[in-house]
Each structure stands twice: as C-alpha cells, then as structure tokens.
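Notes follow the structure.
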Amino acid sequence: MKNRSAIIVLVLLGIFSYGQEVHEKVSQWTTLEISLTAALDFANPYTDVEVWATFTNQKGDSLIRPAFWDGNNTWKIRFAPTDDNQIWAWRSYASEKEDSGLHGQTGLFKSIPYSGNNDLLREGLMKISPSHRNVMHHSGKSFLMVADTPWAIPFRATKQQVTAYAQDRQQKGFNTALMMTLQPDMNADGPNERNTVMGFKRAFKDLSEGHINTMDIAYFQYFDSLVQILIDHGIVPVYQPVFHGFGWKGLQVLGTNIDPQEYVRYSKYLLARYGSMPALWLIAGDHNGKDPGVKESGEMFQKWDCYQQPVGIHYNPCDDYVATWAKGDDPRKHCMHYNKTYQDEAWLDFQWAQTGHEGEHLYHKVDRMYENQPTKAVANGEPTYEGMGNGQHGLGWWQGEEAWMQLMHGGTMGVVYGAACLWQWKITPDEKGWDAWTDQPLSWEGALQLEGATYVGILGQLTKNLNIKDIQKRWDLAEGKPLLAKEGELYISYLGNGGELTIKDLPENLDYSWINPKNGLLKQMGKVTHGNFKAPDNNPWVLVIKKPSLR
C-alpha cells in the first residue's frame, strides 16, 4: 500500500535543512523492528486495537506496515527498507488515538547497502513476474519455487529440528517451505508440547471452540525463531493461516467455518509479523477457495502489503468432479472449482492444483490452468507425497518424473514435493493418529531421507542460476514435445525416455548441455549449430540451451 505523506515529507525536509544526524542504520531488505508500549490497558490487545506506521524516504516514497501485538503492552512494527542510502522517517498510528504510546510515535533511520551473504535478502523480497507466470525478487532475479511441505513445523518442531531440516533441504536444492501456521483441527487433542508423541503447541486457546481470539503470544515468539532458521538457509516460508481441507489429522478443520473477521484479522497479523521478510501467502488451503474470509483476506493483502509479495490459493483434488470421499457431505464444498476460483481478482497472483495421493501422474490440471485468463502463476501444489498409502505410492524417481513433467506442462511457478510422516512431523515411526492412506512407519527424520526428495532438489540445483523469469510453455516449437522457452535466450526440455528433439527457429551459437536429472551431472555440451538434438541414451535427460552470458 503506497501513498504520499505530506507531513512526513515536511519533517524530513526540516531534518535535512538543519543537518540532523541519523544514527540508526538498516541494511536494504533487512528488518528493522520498532517497539511501542501502550499507555492504556486493553482487555484483549490482539482484538481491541489496530496499530500501523507510515515510512517515508527523502524521495517522498511512502510505505505502510501494520503492527502486531507481542505480549503485555508491547506492539511491534517490522519494516524492510526497499532502497539504500536514503533517510527514512516513520510515524505510528492507532485506532485508539488516545493511547500516546501507540499513536503519534516517530523515528528516523538511514538505509544502507546490504553486505551480508543471504541470497534471499540480497535480491530483495518476492513479487510476481511481469507476465504473471512465476515469482521473482525485487532485484529482478528470477525465483523458481522448489518447495517442500513440512506443514506441521510451526506447532510440532523444535529449533534444533528445524535447523537439521533446513540444512538438509538447502543442501538438496529446495528453496521454499509450505507451513500451516497453526494446528487447524478443532477436535485434535494431546499434550501442549513440541516434539512429544500426540502433542502440539496451541497458537490460540479458543481454537477448539471454533474461534481464534485468545492468542498465546509465546507460540508466535517461538515461531519467529523457526522462520528465521528457514530464511537463514535460503528457504522462503509459505504461510497458510487456517487450513480448509483435511488439516492435520482430519478432525474438523476450523477454516471452513471460521468467522470471516477472525480469519482476516489473523491473516493481517501474519502479514505484520512476517511480511518484512521473504514470504508467499497461501490464503486458501486444500479446498475450493470459497471459504469464509478468503476473498476478504486477499483484498486485505492487496491493501496492506506494501511489498506486494505473492498471494495464492491451493485447491483440493476435486476440480470438476465429486470425490468418493466427499459423498455424504455437502458436495458443493468439494467440487466444481476448476482450479480457478477468483481468477479475475487483482489480488490473486497464483493458483495451485492438487493431484491427490494415489500415485498417479496427472498433468492435465496444470495444463488447463496454464491457459486460464487472466494469467496466474500455476503449479501442482500437492502431488502424491512419497510413501503415501502405507509406504506404497510416489517412491523414488516417481518424484523426479513428476516434478519435471509438471514443470514442462506449464507449472512455471515451480514444483512441490511432499513425504508422508514429514508433513505431519511424526515424532516416532509408530506414532498413532493418521489413517494408512496418509501414513508409513517413519518419523519425520526418517522421511527426511527418502530418495525422491533428492531428485526434486536436483531440479532446483539445475535451474537455480537460469533466468526463468516469464519463461513460457512452448511445445509448439518442438513438434509437440516438452519445452519451456524464452525465445532466443533460454530453452529447457525434459525427455523421460531420451530420444530426439527438434526446436524450430533456434538461433545458432547458443550453448547447449545434456544433464542427467537423476544425479545432476553434465553429459554433453557444445554450441548450437542446428535445431536437432539427440539424447545420450533412452534414460531421462534434461536439455538446457542458453545464451553464453546466462550463467
């Protein structure tokens, strides 16, 4: 949300005129945290008062960030400067204007160039690409999402565990993690503890009663440290507020019946607490996108997220049919969304299909979504998780084949991987609470080492330094064979059984290379002299053709 604040500009002009020195310095794209202390007491600080701040630089650019309650009488504002070598002035506002501790506070700082070694922060926060096909950094650097689904990390994992997880996933090539920000099942029960069989931490004390108004602030203070671990390892968090489909154990998720105002308030809280860092916002999870507060939250993000990080929806498998497991319930909630709810809305940046967990390669959903208008970035957000069906489905190379082919079919936002027992964050291999279709005899640590994740991670390694921004599905250039292309600049093809590929109108003197997607090793390379290419053998191969300058 941008505007012009004449008052703060005048304040800045006065400061510049008198040469006032600004002592605090904040690196571009890193987070400045401002603490405010309320002068008044509120019965429920989380629900009773709204606080925000306007940040204005010397050029007159103005950004607004919401604040969040952080316990007792403390509110915090987190802001990442979008530039360097600028003086910024900020001013706070509160819905309770009589509170002098929250309303009318001011400050100054200077933004400076980023000098750290975190690639995410160096390149800036996330945004959607100009053609809406994928994600990029504010610097313009492309970002192909290679995502994992450790959904239950926020309410089950410890700092030590998340550090081990992040080290493994970063090394393999993952750069994104999907998370339920709280345990969403109203009827789930167990100890209020992490890393405990049957246990999970509670974000809200009243969730089991159908509400999220009574916040446990310690939950989010701990969650802060988990988020920081992920970002320190180059992994962008995907925040899902309150799940809408199966949930954690399938025990009546709150998201389908939540008070819309409570959903929007919580979504805004997440934006305030985590929105100054790299993020994706998944405001509808595993349903049809039409649940209470989803549209209103999308509009809220459009209004309040000054960085405009991408907002999207993750659908359940029922795009144009009623699943057998939906019988007996209200089928209108389980079908006929066609993976394109709110297609016309300006706040919607991406849409994710789901192909279910029965071990089938289903590419038609992403195929259709790619053609929908207006264009949204798309992906298969939930293929068969490795080991689903009591360890039977989606094993090993199945995951590599799935990832490359979903990408080739138009899922140019990226690819998603999942593993049974990792997504639940099972504490022990024999922990109870899940049906066989979603389980296998592994703990989260055992599931972390499943073979399929290596193959999906290799896709991330091979594409990390390619400029895939706004790449298109162009099978028409390859006689109907899989091809992504930015004509004249970059071409990527996956051939699952080797064979030959002919690409039309291919410029000469580009570099080409054949890469083994199972181990990431280069097999052949050379200069393009014609449009005909033959894979080294009949195994899976990836062909990359690019300008010599694209490294």
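Residues are referred to by chain and number: the chain letter is A, B, ... according to the order shown in the structure tokens, the number counts from 1 in that chain, and ligands are numbered separately from 1 in the order shown.
Neighbouring residues of segment 157-169 of chain A at 8 Å or closer, counting only C-alpha atoms and skipping chain neighbours under 3 positions away, are Ala152, Ile153, Pro154, Lys172, Gly173, Phe174, Asn175, Arg194, Asn195, Ser225, Leu226, Ile229, Leu230, His233, Ile235, Trp425, Leu448 and Gly457 of chain A.
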Would you save the residues from that selection as a compact mmCIF listing (two decimals), in the first residue's frame, using C-alpha atoms?
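Output below, filename out09.txt:
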# COMPACT_ATOMS: atom_id res chain seq x y z
CA ALA A 152 3.36 -29.10 10.82
CA ILE A 153 6.69 -27.43 11.64
CA PRO A 154 5.08 -24.38 13.34
CA LYS A 172 19.47 -30.78 -1.67
CA GLY A 173 18.27 -27.71 -3.59
CA PHE A 174 14.95 -26.70 -2.01
CA ASN A 175 14.15 -23.00 -1.54
CA ARG A 194 6.54 -29.81 20.83
CA ASN A 195 8.48 -32.96 19.97
CA SER A 225 12.90 -18.32 15.57
CA LEU A 226 11.77 -21.15 13.27
CA ILE A 229 16.19 -20.50 10.66
CA LEU A 230 14.47 -21.17 7.34
CA HIS A 233 19.12 -21.26 4.98
CA ILE A 235 14.19 -21.10 2.29
CA TRP A 425 6.14 -34.10 11.58
CA LEU A 448 13.55 -36.51 5.55
CA GLY A 457 16.16 -30.98 -5.18
For this session: Could you pull out the residues in segment 99-321 of chain A that DSSP calls helix (DSSP H, G or I) from the backbone, as a PyMOL selection string?
Result: chain A and resi 119-123+153-156+159-172+207-209+217-232+260-274+294-304
Problem set entry | DSSP-assigned strand (DSSP E) among segment 295-374 of chain A, expressed as a ChimeraX atom specification | /A:311-315,350-354
Problem set entry | Long-range neighbours of segment 414-418 of chain A as a PyMOL selection string, 10 Å cut-off, only C-alpha atoms, 4 positions minimum in chain | chain A and resi 133-135+143-151+174+176-178+352+377-388+394+399-400+402-407+410+422-423+447-448+452-453+455-457+459-460
Would you pick out the contacts of segment 239-243 of chain A at 9 Å or less, using only C-alpha atoms, so that residues sharing its chain but fewer than 5 positions from it are not included, and give the list as a short mmCIF file (atom, residue, chain, number, x, y, z; two decimals) with N, CA and C atoms, in the first residue's frame?
data_model
loop_
_atom_site.label_atom_id
_atom_site.label_comp_id
_atom_site.auth_asym_id
_atom_site.auth_seq_id
_atom_site.Cartn_x
_atom_site.Cartn_y
_atom_site.Cartn_z
N ALA A 177 9.23 -23.56 1.71
CA ALA A 177 8.61 -24.50 2.65
C ALA A 177 7.18 -24.08 2.94
N LEU A 178 6.22 -24.99 2.72
CA LEU A 178 4.81 -24.74 2.97
C LEU A 178 4.48 -25.11 4.41
N MET A 179 3.79 -24.20 5.12
CA MET A 179 3.51 -24.44 6.53
C MET A 179 2.09 -24.03 6.90
N MET A 180 1.41 -24.88 7.69
CA MET A 180 0.21 -24.47 8.41
C MET A 180 0.70 -23.62 9.58
N THR A 181 0.28 -22.40 9.66
CA THR A 181 0.81 -21.54 10.72
C THR A 181 0.30 -21.92 12.10
N LEU A 182 -0.74 -22.75 12.15
CA LEU A 182 -1.24 -23.29 13.42
C LEU A 182 -1.91 -24.63 13.15
N GLN A 183 -2.06 -25.40 14.20
CA GLN A 183 -2.75 -26.69 14.10
C GLN A 183 -4.24 -26.39 13.94
N PRO A 184 -4.87 -26.78 12.79
CA PRO A 184 -6.21 -26.28 12.47
C PRO A 184 -7.38 -27.17 12.88
N ASP A 185 -7.12 -28.39 13.36
CA ASP A 185 -8.21 -29.31 13.68
C ASP A 185 -8.82 -28.98 15.04
N TRP A 248 -4.63 -31.47 9.81
CA TRP A 248 -3.51 -32.24 10.33
C TRP A 248 -3.88 -33.71 10.52
N VAL A 253 -11.44 -29.27 10.50
CA VAL A 253 -10.67 -28.04 10.41
C VAL A 253 -11.56 -26.83 10.67
N LEU A 254 -10.97 -25.82 11.28
CA LEU A 254 -11.72 -24.60 11.59
C LEU A 254 -11.96 -23.75 10.36
N GLY A 255 -11.05 -23.81 9.37
CA GLY A 255 -11.08 -22.87 8.25
C GLY A 255 -12.37 -22.83 7.47
N THR A 256 -13.08 -23.94 7.38
CA THR A 256 -14.31 -23.96 6.58
C THR A 256 -15.48 -23.25 7.26
N ILE A 258 -14.90 -20.71 9.91
CA ILE A 258 -14.38 -19.64 10.75
C ILE A 258 -15.14 -18.34 10.54
N TYR A 263 -10.65 -14.53 10.54
CA TYR A 263 -9.68 -15.01 9.54
C TYR A 263 -8.87 -13.85 8.99
N TYR A 266 -6.40 -12.47 11.60
CA TYR A 266 -5.23 -13.33 11.77
C TYR A 266 -4.29 -13.23 10.55
N SER A 267 -4.85 -13.19 9.36
CA SER A 267 -4.03 -13.03 8.16
C SER A 267 -3.23 -11.74 8.22
N LEU A 270 -0.31 -12.11 10.62
CA LEU A 270 0.82 -12.79 9.98
C LEU A 270 1.58 -11.84 9.06
N ALA A 279 8.41 -13.99 1.72
CA ALA A 279 7.20 -14.75 2.07
C ALA A 279 6.33 -14.97 0.85
N LEU A 280 5.56 -16.05 0.88
CA LEU A 280 4.42 -16.27 -0.01
C LEU A 280 3.21 -16.48 0.89
N TRP A 281 2.05 -15.97 0.45
CA TRP A 281 0.83 -16.03 1.27
C TRP A 281 -0.17 -16.98 0.62
N LEU A 282 -0.43 -18.10 1.28
CA LEU A 282 -1.35 -19.12 0.77
C LEU A 282 -2.65 -19.01 1.56
N ILE A 283 -3.55 -18.16 1.09
CA ILE A 283 -4.69 -17.79 1.93
C ILE A 283 -5.84 -18.78 1.88
N ALA A 284 -5.80 -19.76 0.97
CA ALA A 284 -6.79 -20.83 0.96
C ALA A 284 -6.05 -22.14 0.81
N GLY A 285 -6.29 -23.10 1.71
CA GLY A 285 -5.53 -24.33 1.71
C GLY A 285 -6.39 -25.57 1.59
N ASP A 286 -6.24 -26.30 0.45
CA ASP A 286 -6.80 -27.64 0.32
C ASP A 286 -8.33 -27.66 0.31
N HIS A 287 -8.94 -26.73 -0.42
CA HIS A 287 -10.40 -26.74 -0.51
C HIS A 287 -10.78 -26.10 -1.85
#
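Distance annotation: of A:Asn497, A:Thr454, A:Gln28, A:Thr37, the residue with the minimal separation from Leu120 of chain A is A:Gln28; atom set is only C-alpha atoms.
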Exercise. For Glu479 of chain A, which residue among A:Gly531, A:Gly389, A:Pro191, A:Gly199 is the nearest when counting only C-alpha atoms?
Worked result: A:Gly531
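Candidate residues A:Pro237, A:Gly526, A:Pro548, A:Pro66 were compared for distance to Glu50 of chain A, and the nearest is A:Pro66, using only C-alpha atoms.
From atom CA of Asp84 of chain A back to atom CA of Ser115 of chain A, the distance works out to 11.3 Å.
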Seminar exercise, completed: From the list A:Val197, A:Ala94, A:Leu125, A:Met369, the nearest residue to Gln424 of chain A using only C-alpha atoms is A:Val197
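The nearest approach to Arg65 of chain A among the residues A:Leu251, A:Ile112, A:Leu271, A:Met126, with only C-alpha atoms taken into account, belongs to A:Leu271.
The gap separating atom CA of Ile545 of chain A from atom CA of Leu490 of chain A is 5.6 Å, in Å to one decimal.
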For this session: Check the smallest atom-to-atom distance from each of A:Cys335, A:Met186, A:Val26, A:Leu501 to Asp83 of chain A using only C-alpha atoms, then report the winner.
Result: A:Val26
For this session: Write out as a PyMOL selection string each polymer residue whose atoms come within 9 Å of Trp514 of chain A, counting only C-alpha atoms; drop sequence neighbours fewer than 5 positions from it.
Result: chain A and resi 521-525+535-536+541-544
Now that the selection is made, can you save its residues with all heavy atoms as a compact mmCIF listing (two decimals), in the first residue's frame?
# COMPACT_ATOMS: atom_id res chain seq x y z
N LEU A 521 24.53 -34.51 -13.15
CA LEU A 521 25.82 -34.46 -13.83
C LEU A 521 25.67 -34.11 -15.31
O LEU A 521 24.73 -34.56 -15.98
CB LEU A 521 26.54 -35.80 -13.69
CG LEU A 521 26.91 -36.20 -12.26
CD1 LEU A 521 27.62 -37.56 -12.25
CD2 LEU A 521 27.78 -35.14 -11.60
N LEU A 522 26.60 -33.31 -15.79
CA LEU A 522 26.64 -32.91 -17.19
C LEU A 522 27.18 -34.07 -18.02
O LEU A 522 28.22 -34.66 -17.70
CB LEU A 522 27.53 -31.68 -17.34
CG LEU A 522 27.77 -31.15 -18.75
CD1 LEU A 522 26.49 -30.57 -19.32
CD2 LEU A 522 28.88 -30.09 -18.71
N LYS A 523 26.50 -34.38 -19.13
CA LYS A 523 26.93 -35.47 -20.01
C LYS A 523 27.57 -34.94 -21.28
O LYS A 523 28.66 -35.39 -21.67
CB LYS A 523 25.74 -36.36 -20.35
CG LYS A 523 26.07 -37.51 -21.29
CD LYS A 523 26.96 -38.53 -20.64
CE LYS A 523 27.18 -39.75 -21.54
NZ LYS A 523 28.05 -40.75 -20.91
N GLN A 524 26.89 -34.01 -21.92
CA GLN A 524 27.40 -33.44 -23.17
C GLN A 524 27.16 -31.94 -23.16
O GLN A 524 26.21 -31.46 -22.55
CB GLN A 524 26.71 -34.04 -24.39
CG GLN A 524 26.96 -35.51 -24.63
CD GLN A 524 26.18 -36.03 -25.83
OE1 GLN A 524 25.56 -35.25 -26.55
NE2 GLN A 524 26.22 -37.33 -26.03
N MET A 525 28.01 -31.20 -23.87
CA MET A 525 27.79 -29.78 -24.03
C MET A 525 28.43 -29.33 -25.33
O MET A 525 29.29 -30.01 -25.89
CB MET A 525 28.37 -28.99 -22.86
CG MET A 525 29.86 -29.12 -22.66
SD MET A 525 30.46 -28.25 -21.20
CE MET A 525 30.01 -26.57 -21.59
N ALA A 535 19.29 -37.22 -27.39
CA ALA A 535 19.70 -37.52 -26.02
C ALA A 535 20.78 -38.58 -26.01
O ALA A 535 20.85 -39.42 -26.93
CB ALA A 535 18.49 -37.97 -25.21
N PRO A 536 21.64 -38.59 -24.99
CA PRO A 536 22.72 -39.58 -24.91
C PRO A 536 22.26 -41.03 -24.92
O PRO A 536 22.96 -41.91 -25.43
CB PRO A 536 23.43 -39.22 -23.60
CG PRO A 536 23.16 -37.77 -23.40
CD PRO A 536 21.77 -37.57 -23.93
N TRP A 541 16.56 -37.38 -19.55
CA TRP A 541 17.57 -36.34 -19.78
C TRP A 541 16.93 -34.97 -19.81
O TRP A 541 15.77 -34.82 -20.20
CB TRP A 541 18.32 -36.57 -21.10
CG TRP A 541 19.22 -37.75 -21.03
CD1 TRP A 541 18.97 -39.02 -21.46
CD2 TRP A 541 20.53 -37.78 -20.44
NE1 TRP A 541 20.03 -39.85 -21.20
CE2 TRP A 541 21.01 -39.12 -20.57
CE3 TRP A 541 21.34 -36.83 -19.84
CZ2 TRP A 541 22.26 -39.51 -20.11
CZ3 TRP A 541 22.59 -37.22 -19.38
CH2 TRP A 541 23.04 -38.54 -19.51
N VAL A 542 17.70 -33.99 -19.40
CA VAL A 542 17.28 -32.59 -19.47
C VAL A 542 18.21 -31.88 -20.44
O VAL A 542 19.45 -31.99 -20.33
CB VAL A 542 17.35 -31.92 -18.09
CG1 VAL A 542 17.09 -30.42 -18.21
CG2 VAL A 542 16.33 -32.55 -17.15
N LEU A 543 17.63 -31.17 -21.38
CA LEU A 543 18.37 -30.36 -22.34
C LEU A 543 18.22 -28.89 -21.97
O LEU A 543 17.09 -28.40 -21.83
CB LEU A 543 17.85 -30.59 -23.76
CG LEU A 543 18.47 -29.72 -24.86
CD1 LEU A 543 19.95 -30.02 -25.06
CD2 LEU A 543 17.70 -29.90 -26.18
N VAL A 544 19.33 -28.20 -21.77
CA VAL A 544 19.31 -26.77 -21.47
C VAL A 544 20.08 -26.05 -22.58
O VAL A 544 21.23 -26.38 -22.87
CB VAL A 544 19.95 -26.45 -20.11
CG1 VAL A 544 20.01 -24.94 -19.87
CG2 VAL A 544 19.18 -27.13 -18.99
Problem set entry | atom CA of Val22 of chain A to atom CA of Phe55 of chain A, distance in Å rounded to a single decimal | 15.1 Å
Considering only C-alpha atoms, return as a PDB file with N, CA and C atoms, in the first residue's frame whatever protein or nucleic-acid residues lie within 10 Å of Lys127 of chain A, sequence-local ones (same chain, fewer than 6 positions apart) excluded.
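Saved result, part.pdb, follows:
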ATOM      1  N   ASN A 134       5.517 -16.549 -13.025  1.00  0.00           N
ATOM      2  CA  ASN A 134       6.299 -17.088 -11.914  1.00  0.00           C
ATOM      3  C   ASN A 134       6.677 -15.984 -10.942  1.00  0.00           C
ATOM      4  N   VAL A 135       7.588 -16.302 -10.043  1.00  0.00           N
ATOM      5  CA  VAL A 135       7.968 -15.403  -8.962  1.00  0.00           C
ATOM      6  C   VAL A 135       9.371 -14.881  -9.220  1.00  0.00           C
ATOM      7  N   MET A 136       9.632 -13.686  -8.740  1.00  0.00           N
ATOM      8  CA  MET A 136      10.951 -13.092  -8.863  1.00  0.00           C
ATOM      9  C   MET A 136      11.243 -12.278  -7.614  1.00  0.00           C
ATOM     10  N   HIS A 137      12.501 -11.891  -7.468  1.00  0.00           N
ATOM     11  CA  HIS A 137      12.880 -10.963  -6.411  1.00  0.00           C
ATOM     12  C   HIS A 137      12.667  -9.528  -6.883  1.00  0.00           C
ATOM     13  N   HIS A 138      12.659  -8.584  -5.938  1.00  0.00           N
ATOM     14  CA  HIS A 138      12.529  -7.184  -6.306  1.00  0.00           C
ATOM     15  C   HIS A 138      13.704  -6.704  -7.152  1.00  0.00           C
ATOM     16  N   SER A 139      14.840  -7.386  -7.042  1.00  0.00           N
ATOM     17  CA  SER A 139      16.001  -7.023  -7.865  1.00  0.00           C
ATOM     18  C   SER A 139      15.793  -7.377  -9.332  1.00  0.00           C
ATOM     19  N   GLY A 140      14.818  -8.231  -9.617  1.00  0.00           N
ATOM     20  CA  GLY A 140      14.597  -8.726 -10.963  1.00  0.00           C
ATOM     21  C   GLY A 140      15.087 -10.145 -11.157  1.00  0.00           C
ATOM     22  N   SER A 142      15.177 -14.024 -11.088  1.00  0.00           N
ATOM     23  CA  SER A 142      14.084 -14.989 -11.109  1.00  0.00           C
ATOM     24  C   SER A 142      14.182 -15.949  -9.927  1.00  0.00           C
ATOM     25  N   PHE A 143      13.042 -16.544  -9.597  1.00  0.00           N
ATOM     26  CA  PHE A 143      12.957 -17.465  -8.466  1.00  0.00           C
ATOM     27  C   PHE A 143      12.017 -18.599  -8.858  1.00  0.00           C
ATOM     28  N   PRO A 278      11.154 -12.394   3.256  1.00  0.00           N
ATOM     29  CA  PRO A 278      10.644 -13.138   2.106  1.00  0.00           C
ATOM     30  C   PRO A 278       9.491 -14.046   2.503  1.00  0.00           C
ATOM     31  N   ALA A 279       8.405 -13.994   1.716  1.00  0.00           N
ATOM     32  CA  ALA A 279       7.205 -14.749   2.071  1.00  0.00           C
ATOM     33  C   ALA A 279       6.334 -14.968   0.846  1.00  0.00           C
ATOM     34  N   LEU A 280       5.559 -16.052   0.884  1.00  0.00           N
ATOM     35  CA  LEU A 280       4.425 -16.271  -0.006  1.00  0.00           C
ATOM     36  C   LEU A 280       3.212 -16.480   0.889  1.00  0.00           C
ATOM     37  N   TYR A 307       4.856  -4.460   0.110  1.00  0.00           N
ATOM     38  CA  TYR A 307       5.835  -5.132  -0.750  1.00  0.00           C
ATOM     39  C   TYR A 307       5.174  -5.976  -1.835  1.00  0.00           C
ATOM     40  N   GLN A 308       3.870  -6.201  -1.698  1.00  0.00           N
ATOM     41  CA  GLN A 308       3.091  -6.969  -2.670  1.00  0.00           C
ATOM     42  C   GLN A 308       3.712  -8.341  -2.956  1.00  0.00           C
ATOM     43  N   GLN A 309       4.032  -9.064  -1.886  1.00  0.00           N
ATOM     44  CA  GLN A 309       4.516 -10.429  -2.067  1.00  0.00           C
ATOM     45  C   GLN A 309       3.347 -11.325  -2.503  1.00  0.00           C
ATOM     46  N   PRO A 310       3.629 -12.378  -3.277  1.00  0.00           N
ATOM     47  CA  PRO A 310       2.561 -13.120  -3.956  1.00  0.00           C
ATOM     48  C   PRO A 310       1.552 -13.780  -3.025  1.00  0.00           C
ATOM     49  N   VAL A 311       0.283 -13.723  -3.456  1.00  0.00           N
ATOM     50  CA  VAL A 311      -0.860 -14.270  -2.724  1.00  0.00           C
ATOM     51  C   VAL A 311      -1.529 -15.324  -3.598  1.00  0.00           C
ATOM     52  N   ASP A 349      -2.460 -13.884  -7.195  1.00  0.00           N
ATOM     53  CA  ASP A 349      -1.241 -13.987  -8.005  1.00  0.00           C
ATOM     54  C   ASP A 349      -0.961 -15.399  -8.489  1.00  0.00           C
TER      55      ASP A 349
END
